[in-house]
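Structure file query-v1.txt (compact mmCIF, C-alpha atoms and all ligand atoms) follows.
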# COMPACT_ATOMS: atom_id res chain seq x y z
CA MET A 283 -7.41 -32.42 7.16
CA SER A 284 -3.89 -33.61 6.82
CA PHE A 285 -0.68 -32.11 8.07
CA ALA A 286 0.75 -35.61 8.59
CA VAL A 287 2.93 -35.22 5.51
CA ALA A 288 6.68 -34.86 5.04
CA GLY A 289 8.20 -31.39 5.33
CA ASP A 290 9.17 -31.18 1.66
CA THR A 291 5.67 -32.25 0.56
CA TYR A 292 4.28 -29.31 2.56
CA ASP A 293 6.95 -27.02 1.07
CA ARG A 294 5.64 -27.65 -2.45
CA TYR A 295 2.06 -26.89 -1.36
CA MET A 296 2.25 -24.02 1.17
CA GLY A 297 5.81 -23.83 2.47
CA ARG A 298 6.87 -21.92 -0.65
CA TYR A 299 4.56 -19.13 0.59
CA SER A 300 5.62 -19.53 4.25
CA VAL A 301 9.28 -18.72 3.56
CA ARG A 302 8.28 -15.44 1.90
CA LEU A 303 5.76 -14.54 4.59
CA ALA A 304 8.05 -15.25 7.57
CA PRO A 305 10.38 -12.21 7.25
CA LEU A 306 7.35 -9.93 6.80
CA LEU A 307 5.68 -11.29 9.93
CA VAL A 308 8.88 -11.03 12.01
CA GLU A 309 9.35 -7.42 10.92
CA PHE A 310 5.69 -6.55 11.56
CA ALA A 311 6.01 -8.08 15.04
CA GLY A 312 9.15 -5.98 15.63
CA VAL A 313 11.24 -8.93 16.84
CA GLU A 314 14.92 -8.03 16.99
CA ALA A 315 17.99 -9.54 18.67
CA PRO A 316 18.57 -10.02 21.47
CA ALA A 317 15.25 -11.76 22.13
CA ARG A 318 13.80 -15.21 22.83
CA ALA A 319 10.95 -16.17 20.53
CA ILE A 320 8.59 -19.11 19.93
CA ASP A 321 6.99 -20.22 16.65
CA VAL A 322 3.62 -21.79 17.52
CA GLY A 323 2.24 -24.25 14.92
CA CYS A 324 5.67 -24.21 13.28
CA GLY A 325 4.99 -26.75 10.51
CA PRO A 326 8.32 -27.75 8.93
CA GLY A 327 9.70 -24.49 10.33
CA ALA A 328 9.85 -21.58 7.85
CA LEU A 329 9.20 -19.03 10.61
CA ALA A 330 11.42 -20.81 13.15
CA ALA A 331 14.28 -20.73 10.62
CA GLU A 332 13.73 -17.02 9.99
CA LEU A 333 13.75 -16.34 13.74
CA ALA A 334 16.90 -18.44 14.17
CA ALA A 335 18.67 -16.49 11.41
CA ARG A 336 17.92 -13.26 13.26
CA LEU A 337 18.14 -14.31 16.93
CA GLY A 338 20.34 -17.43 16.90
CA ALA A 339 18.82 -20.91 17.11
CA ALA A 340 19.43 -21.17 20.88
CA ALA A 341 16.98 -18.28 21.38
CA VAL A 342 14.22 -19.99 19.38
CA ALA A 343 11.54 -22.51 20.38
CA ALA A 344 8.85 -24.09 18.21
CA ALA A 345 5.79 -26.28 18.71
CA ASP A 346 3.45 -28.25 16.44
CA PRO A 347 1.11 -31.25 16.92
CA SER A 348 2.32 -32.94 13.70
CA GLU A 349 5.14 -35.43 14.36
CA SER A 350 6.51 -35.23 10.82
CA PHE A 351 6.60 -31.41 10.97
CA VAL A 352 8.31 -31.36 14.38
CA ALA A 353 10.97 -33.72 13.00
CA ALA A 354 11.46 -31.53 9.88
CA CYS A 355 11.61 -28.30 11.91
CA ALA A 356 14.15 -29.78 14.37
CA GLU A 357 16.32 -30.98 11.49
CA ARG A 358 16.13 -27.64 9.67
CA THR A 359 16.80 -25.50 12.75
CA PRO A 360 19.44 -27.37 14.79
CA GLY A 361 19.83 -25.92 18.28
CA ALA A 362 16.23 -24.71 18.53
CA ASP A 363 13.92 -26.16 21.23
CA VAL A 364 11.31 -27.92 19.05
CA ARG A 365 8.47 -29.77 20.81
CA LEU A 366 5.36 -31.78 19.90
CA ALA A 367 2.58 -29.63 21.37
CA ARG A 368 -0.63 -27.76 20.60
CA ALA A 369 -1.03 -24.02 20.96
CA GLU A 370 -3.77 -24.59 23.54
CA GLN A 371 -1.31 -26.29 25.91
CA LEU A 372 2.24 -25.01 25.47
CA PRO A 373 4.82 -26.86 27.61
CA TRP A 374 6.77 -23.76 28.63
CA GLU A 375 6.70 -21.68 31.82
CA ASP A 376 4.95 -18.31 32.06
CA ALA A 377 6.94 -15.35 30.63
CA THR A 378 9.63 -17.54 28.98
CA PHE A 379 9.78 -15.52 25.73
CA ASP A 380 9.98 -11.95 24.48
CA ALA A 381 7.78 -12.86 21.51
CA ALA A 382 5.29 -15.57 20.53
CA LEU A 383 4.49 -15.77 16.81
CA SER A 384 2.33 -18.08 14.74
CA GLN A 385 2.02 -18.10 10.98
CA LEU A 386 -1.09 -19.48 9.20
CA VAL A 387 -2.15 -21.40 12.33
CA VAL A 388 -4.99 -19.71 14.25
CA ASN A 389 -7.62 -21.16 11.89
CA PHE A 390 -6.29 -24.67 12.58
CA MET A 391 -6.28 -24.44 16.38
CA GLN A 392 -9.07 -26.43 18.04
CA ASP A 393 -9.70 -23.44 20.34
CA ALA A 394 -8.10 -20.29 18.92
CA ASP A 395 -9.06 -18.15 21.93
CA ALA A 396 -7.29 -20.59 24.26
CA GLY A 397 -4.32 -20.85 21.88
CA VAL A 398 -3.82 -17.08 21.79
CA ARG A 399 -4.19 -16.87 25.59
CA GLU A 400 -1.44 -19.51 25.87
CA MET A 401 0.79 -17.55 23.48
CA ALA A 402 0.27 -14.52 25.74
CA ARG A 403 1.00 -16.56 28.88
CA VAL A 404 4.44 -17.71 27.70
CA VAL A 405 5.45 -14.12 26.81
CA ARG A 406 6.83 -11.70 29.43
CA PRO A 407 4.88 -8.50 30.25
CA GLY A 408 5.77 -6.02 27.49
CA GLY A 409 6.48 -8.87 25.05
CA VAL A 410 4.68 -9.28 21.72
CA VAL A 411 2.15 -11.84 20.43
CA ALA A 412 1.70 -11.83 16.64
CA SER A 413 0.09 -14.00 13.97
CA CYS A 414 -1.06 -13.93 10.40
CA THR A 415 -3.65 -15.78 8.35
CA TRP A 416 -4.55 -15.84 4.65
CA GLU A 417 -7.25 -13.60 3.26
CA TYR A 418 -8.95 -16.77 2.00
CA ARG A 419 -12.05 -14.92 0.71
CA ALA A 420 -10.20 -12.89 -1.88
CA GLY A 421 -6.47 -12.26 -1.68
CA MET A 422 -4.89 -15.74 -1.82
CA GLU A 423 -4.86 -16.62 -5.53
CA MET A 424 -3.54 -20.18 -5.21
CA LEU A 425 -6.34 -21.28 -2.87
CA ARG A 426 -9.00 -18.93 -4.34
CA THR A 427 -8.49 -20.43 -7.81
CA PHE A 428 -8.76 -23.96 -6.40
CA TRP A 429 -11.90 -23.32 -4.33
CA ASP A 430 -13.65 -21.25 -7.03
CA ALA A 431 -13.06 -24.14 -9.43
CA ALA A 432 -14.28 -26.63 -6.82
CA LEU A 433 -17.43 -24.57 -6.10
CA ALA A 434 -18.24 -24.35 -9.81
CA LEU A 435 -18.38 -28.17 -9.88
CA ASP A 436 -19.69 -28.81 -6.34
CA PRO A 437 -21.53 -25.99 -4.51
CA ALA A 438 -21.00 -27.89 -1.22
CA ALA A 439 -17.19 -27.87 -1.51
CA PRO A 440 -15.63 -26.80 1.83
CA ASP A 441 -14.27 -23.49 0.52
CA GLU A 442 -11.72 -22.11 3.02
CA GLY A 443 -13.11 -18.65 2.18
CA ARG A 444 -16.32 -19.81 3.85
CA VAL A 445 -15.16 -22.16 6.61
CA MET A 446 -12.17 -20.29 8.06
CA ARG A 447 -13.01 -18.11 11.07
CA PHE A 448 -10.16 -15.60 10.71
CA GLN A 449 -9.55 -13.93 7.38
CA ASP A 450 -8.92 -10.24 8.05
CA GLY A 451 -7.45 -7.84 10.56
CA ASP A 452 -10.72 -7.09 12.37
CA GLU A 453 -11.49 -10.77 12.97
CA LEU A 454 -7.98 -11.32 14.37
CA ALA A 455 -7.93 -8.10 16.43
CA ARG A 456 -11.09 -9.17 18.31
CA VAL A 457 -9.36 -12.32 19.59
CA TRP A 458 -6.21 -10.39 20.53
CA ARG A 459 -8.27 -7.89 22.56
CA ASP A 460 -10.27 -10.73 24.18
CA ALA A 461 -6.91 -12.24 25.26
CA ARG A 462 -6.28 -8.90 27.06
CA LEU A 463 -3.41 -7.97 24.73
CA GLY A 464 -2.75 -4.22 24.41
CA ASP A 465 -1.71 -1.87 21.59
CA VAL A 466 -3.35 -4.19 19.03
CA GLU A 467 -2.42 -3.41 15.42
CA THR A 468 -3.16 -5.15 12.11
CA ALA A 469 -1.67 -4.94 8.60
CA PRO A 470 -1.82 -6.78 5.27
CA LEU A 471 1.25 -8.81 4.27
CA ASP A 472 1.65 -9.40 0.51
CA VAL A 473 3.80 -12.07 -1.12
CA ALA A 474 4.04 -13.67 -4.57
CA VAL A 475 5.14 -17.15 -5.64
CA ASP A 476 6.43 -18.28 -9.04
CA TYR A 477 5.25 -21.57 -10.56
CA ARG A 478 7.26 -23.40 -13.23
CA ASP A 479 4.12 -24.61 -14.97
CA PHE A 480 0.58 -25.83 -14.26
CA ASP A 481 1.75 -29.17 -12.82
CA ASP A 482 3.89 -27.28 -10.31
CA TYR A 483 0.62 -25.68 -9.12
CA TRP A 484 -1.64 -28.73 -9.34
CA LEU A 485 0.40 -31.76 -8.22
CA PRO A 486 0.84 -30.53 -4.58
CA PHE A 487 -2.98 -30.72 -4.16
CA GLU A 488 -2.77 -34.41 -5.09
CA THR A 489 -0.47 -35.04 -2.09
CA GLY A 490 -3.46 -34.52 0.24
CA THR A 491 -1.81 -31.63 2.10
CA GLY A 492 -4.02 -29.16 4.00
CA PRO A 493 -7.77 -28.67 3.46
CA GLY A 494 -7.38 -28.25 -0.34
CA GLY A 495 -5.38 -31.45 -0.68
CA THR A 496 -7.77 -33.34 1.61
CA TYR A 497 -10.73 -32.30 -0.55
CA CYS A 498 -8.82 -33.13 -3.73
CA LEU A 499 -8.15 -36.70 -2.55
CA SER A 500 -11.79 -37.15 -1.46
CA LEU A 501 -12.90 -36.88 -5.11
CA SER A 502 -13.23 -39.72 -7.59
CA GLU A 503 -10.48 -39.86 -10.23
CA ARG A 504 -12.91 -38.49 -12.79
CA ASP A 505 -14.06 -35.54 -10.64
CA ARG A 506 -10.43 -34.80 -9.72
CA ALA A 507 -9.51 -34.63 -13.40
CA THR A 508 -12.47 -32.28 -14.04
CA LEU A 509 -11.37 -30.06 -11.13
CA ARG A 510 -7.80 -30.03 -12.43
CA GLU A 511 -8.95 -28.85 -15.86
CA GLU A 512 -11.23 -26.20 -14.30
CA CYS A 513 -8.24 -24.88 -12.29
CA ARG A 514 -6.12 -24.85 -15.47
CA ARG A 515 -8.83 -22.88 -17.31
CA ARG A 516 -9.20 -20.36 -14.46
CA LEU A 517 -5.44 -19.78 -14.45
CA GLY A 518 -5.64 -18.88 -18.16
CA GLY A 519 -4.33 -22.23 -19.48
CA PRO A 520 -0.67 -21.49 -18.71
CA THR A 521 1.85 -23.23 -20.98
CA GLY A 522 4.89 -22.04 -19.00
CA SER A 523 5.71 -20.19 -15.80
CA PHE A 524 3.32 -17.86 -13.97
CA THR A 525 3.13 -15.98 -10.68
CA LEU A 526 0.37 -15.96 -8.05
CA ALA A 527 -0.12 -13.26 -5.42
CA ALA A 528 -1.19 -13.93 -1.86
CA ARG A 529 -2.36 -11.57 0.86
CA ALA A 530 -2.26 -12.43 4.55
CA TRP A 531 -3.54 -10.31 7.44
CA ALA A 532 -1.28 -9.91 10.44
CA VAL A 533 -2.10 -8.90 14.01
CA ARG A 534 0.18 -7.95 16.88
CA GLY A 535 -0.45 -7.08 20.50
CA VAL A 536 1.55 -6.49 23.65
CA ARG A 537 1.28 -8.56 26.84
CA ARG A 538 0.21 -6.22 29.64
C1 LIG B 601 -0.99 -24.06 7.35
S1 LIG B 601 0.10 -24.87 8.43
C2 LIG B 601 1.26 -23.55 8.87
C3 LIG B 601 2.62 -24.09 9.23
C4 LIG B 601 3.71 -23.04 9.39
N1 LIG B 601 3.44 -22.15 10.49
C5 LIG B 601 3.93 -22.26 8.14
O1 LIG B 601 4.00 -21.03 8.19
O2 LIG B 601 4.08 -22.88 7.08
C6 LIG B 601 -0.86 -25.06 9.89
C7 LIG B 601 -0.08 -25.71 11.01
O3 LIG B 601 -0.85 -25.68 12.21
C8 LIG B 601 -0.59 -26.87 12.90
N2 LIG B 601 -1.66 -27.05 13.91
C9 LIG B 601 -2.83 -27.70 13.78
N3 LIG B 601 -3.52 -27.64 14.95
C10 LIG B 601 -2.76 -26.93 15.82
C11 LIG B 601 -2.90 -26.55 17.18
N4 LIG B 601 -3.99 -26.85 17.87
N5 LIG B 601 -1.90 -25.86 17.76
C12 LIG B 601 -0.79 -25.52 17.06
N6 LIG B 601 -0.61 -25.87 15.76
C13 LIG B 601 -1.57 -26.56 15.15
C14 LIG B 601 -0.51 -27.92 11.83
O4 LIG B 601 0.11 -29.13 12.27
C15 LIG B 601 0.29 -27.17 10.78
O5 LIG B 601 1.66 -27.33 10.97
Write the structure described by the file as structure tokens, please.
Ligand SMILES: C[S@@+](CC[C@H](N)C(=O)[O-])C[C@H]1O[C@@H](n2cnc3c(N)ncnc32)[C@H](O)[C@@H]1O
Amino acid sequence: MSFAVAGDTYDRYMGRYSVRLAPLLVEFAGVEAPARAIDVGCGPGALAAELAARLGAAAVAAADPSESFVAACAERTPGADVRLARAEQLPWEDATFDAALSQLVVNFMQDADAGVREMARVVRPGGVVASCTWEYRAGMEMLRTFWDAALALDPAAPDEGRVMRFQDGDELARVWRDARLGDVETAPLDVAVDYRDFDDYWLPFETGTGPGGTYCLSLSERDRATLREECRRRLGGPTGSFTLAARAWAVRGVRR
């Protein structure tokens, strides 16, 4: 799956959701100035930018294994400490931060349990570790529409509602407790995104971004056109603008 795309390509696909989700996650995590915080799996940096607006860029760090995303995040959040790194091996000392957050990342970690343990390690005792992930099975209309259309044409399509390990609060809370985090709480986070027209929805899939885009590009031109028309039909054949809702589940816990 590809996150080796430019920051603005990602923005048109998922980043337009990330900027709306970031303030909700920061508030759920209870991060307030003065505090030092890290955005793990930062992508082009929607959450890092939100943290920088609240805490000051000098109090913010960010990490991602995608070179193009690290470059975009560093450019968009000047003064933040942005590094090329995976969650499972964060290049910061123990107890460096008051908060470690990650947005839409735990499902993409190679070893989510190790990644969350690392997030806890770099946070001081009493600090917070928080994340969120889409409710792929039901509440994320942009992806649900795409995968339901794909499944109707190809029952073996790698529906994120089936392949993603974490999709609700209980699934996330288990990992947080296993990482020995205390006071674990979960909550739904709801956002909505406006689309200008159907192309505004569809064309980002053709950039190959994320699992949906990767699947889209794996299809023949003919199958891709059939999938596009099935998505259009499932969205009600929009001729102008429309809005899609998306629900994420968030989890927070405190480093003991
Ligand atoms: C869906 S994007 C989310 C990006 C950003 N947090 C946001 O809210 O838009 C998933 C991100 O996880 C990153 N990623 C993949 N494997 C990772 C790992 N092992 N550790 C940390 N980040 C990882 C990808 O490069 C990508 O930026």
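What separates CA of Val473 in chain A from CA of Gly492 in chain A is a distance of 19.5 Å.
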Counting all atoms listed in the file, which residues of chain A sit at most 8 Å from some atom of ligand LIG 601 (chain B), and what is each one's closest atom pair with its distance in Å to one decimal, listed by chain and rising residue number, as a Markdown table?
| residue | atom | partner | partner_atom | distance |
| --- | --- | --- | --- | --- |
| A:Phe285 | CA | B:LIG601 | O4 | 5.2 |
| A:Ala286 | CA | B:LIG601 | O4 | 7.5 |
| A:Tyr292 | CA | B:LIG601 | O2 | 7.9 |
| A:Asp293 | CA | B:LIG601 | O2 | 7.8 |
| A:Met296 | CA | B:LIG601 | O2 | 6.3 |
| A:Gly297 | CA | B:LIG601 | O2 | 5.0 |
| A:Tyr299 | CA | B:LIG601 | O2 | 7.5 |
| A:Ser300 | CA | B:LIG601 | O1 | 4.5 |
| A:Val301 | CA | B:LIG601 | O1 | 7.4 |
| A:Leu303 | CA | B:LIG601 | O1 | 7.6 |
| A:Ala304 | CA | B:LIG601 | O1 | 7.1 |
| A:Asp321 | CA | B:LIG601 | N1 | 7.4 |
| A:Val322 | CA | B:LIG601 | C12 | 5.8 |
| A:Gly323 | CA | B:LIG601 | N6 | 3.4 |
| A:Cys324 | CA | B:LIG601 | N1 | 4.1 |
| A:Gly325 | CA | B:LIG601 | O5 | 3.4 |
| A:Pro326 | CA | B:LIG601 | C4 | 6.6 |
| A:Gly327 | CA | B:LIG601 | C4 | 6.2 |
| A:Ala328 | CA | B:LIG601 | O1 | 5.9 |
| A:Leu329 | CA | B:LIG601 | O1 | 6.1 |
| A:Ala345 | CA | B:LIG601 | C12 | 6.8 |
| A:Asp346 | CA | B:LIG601 | N6 | 4.8 |
| A:Pro347 | CA | B:LIG601 | O4 | 5.2 |
| A:Ser348 | CA | B:LIG601 | O4 | 4.6 |
| A:Phe351 | CA | B:LIG601 | O5 | 6.4 |
| A:Ala367 | CA | B:LIG601 | C12 | 6.8 |
| A:Arg368 | CA | B:LIG601 | N5 | 3.6 |
| A:Ala369 | CA | B:LIG601 | N5 | 3.8 |
| A:Glu370 | CA | B:LIG601 | N4 | 6.1 |
| A:Ser384 | CA | B:LIG601 | N1 | 6.0 |
| A:Gln385 | CA | B:LIG601 | N1 | 4.3 |
| A:Leu386 | CA | B:LIG601 | C2 | 4.7 |
| A:Val387 | CA | B:LIG601 | O3 | 4.5 |
| A:Val388 | CA | B:LIG601 | O3 | 7.5 |
| A:Phe390 | CA | B:LIG601 | N3 | 4.7 |
| A:Met391 | CA | B:LIG601 | N4 | 3.6 |
| A:Gln392 | CA | B:LIG601 | N4 | 5.1 |
| A:Asp393 | CA | B:LIG601 | N4 | 7.1 |
| A:Ala394 | CA | B:LIG601 | N4 | 7.8 |
| A:Gly397 | CA | B:LIG601 | N5 | 6.9 |
| A:Gly492 | CA | B:LIG601 | C1 | 6.8 |
Please compute the CA of Ala532 in chain A-CA of Thr468 in chain A distance, one decimal, in Å.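 Value for the CA of Ala532 in chain A-CA of Thr468 in chain A distance: 5.4 Å.
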Expressed in Å to a single decimal, how great is the separation between CA of Ala353 in chain A and CA of Ala334 in chain A?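 Value for the CA of Ala353 in chain A-CA of Ala334 in chain A distance: 16.4 Å.
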Which residue is closest to Tyr483 in chain A? Choose from A:Arg504, A:Arg514, A:Arg462, A:Arg406 and count only C-alpha atoms. A:Arg514
Neighbours of Glu467 in chain A within 9 Å (all atoms listed in the file; same-chain residues fewer than 4 positions away dropped), as a ChimeraX atom specification? /A:451,455,532-535
Please report, as a tab-separated table, each residue of range 471-492 of chain A lying at most 10 Å from range 414-433 of chain A, together with the nearest pair of atoms and the separation in Å rounded to one decimal; use all atoms listed in the file, and order rows by chain and ascending residue number.
residue	atom	partner	partner_atom	distance
A:Leu471	CA	A:Cys414	CA	8.3
A:Asp472	CA	A:Gly421	CA	8.9
A:Val473	CA	A:Met422	CA	9.5
A:Ala474	CA	A:Glu423	CA	9.4
A:Val475	CA	A:Met424	CA	9.2
A:Tyr483	CA	A:Met424	CA	7.9
A:Trp484	CA	A:Phe428	CA	9.1
A:Phe487	CA	A:Phe428	CA	9.2
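Counting only C-alpha atoms and comparing A:Glu488, A:Glu349, A:Thr291, A:Val445, the residue that lies closest to Ser500 in chain A is A:Glu488.
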Of the residues A:Asp505, A:Asn389, A:Arg478, A:Ala356, which is the one nearest to Leu526 in chain A, using all atoms listed in the file?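 Checking each of A:Asp505, A:Asn389, A:Arg478, A:Ala356 against Leu526 in chain A, counting all atoms listed in the file, the winner is A:Arg478.
The shortest atom-to-atom distance to Arg506 in chain A, with all atoms listed in the file taken into account, belongs to A:Leu435 out of A:Ala315, A:Ala381, A:Leu435, A:Ala335.
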Counting only C-alpha atoms, which residue out of A:Gly464, A:Gly289, A:Gly522, A:Pro440 sits closest to Cys355 in chain A?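 Nearest to Cys355 in chain A: A:Gly289.
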With distances taken over all atoms listed in the file, which residue among A:Leu499, A:Ile320, A:Ala340, A:Ala412 lies nearest Val398 in chain A? A:Ala412
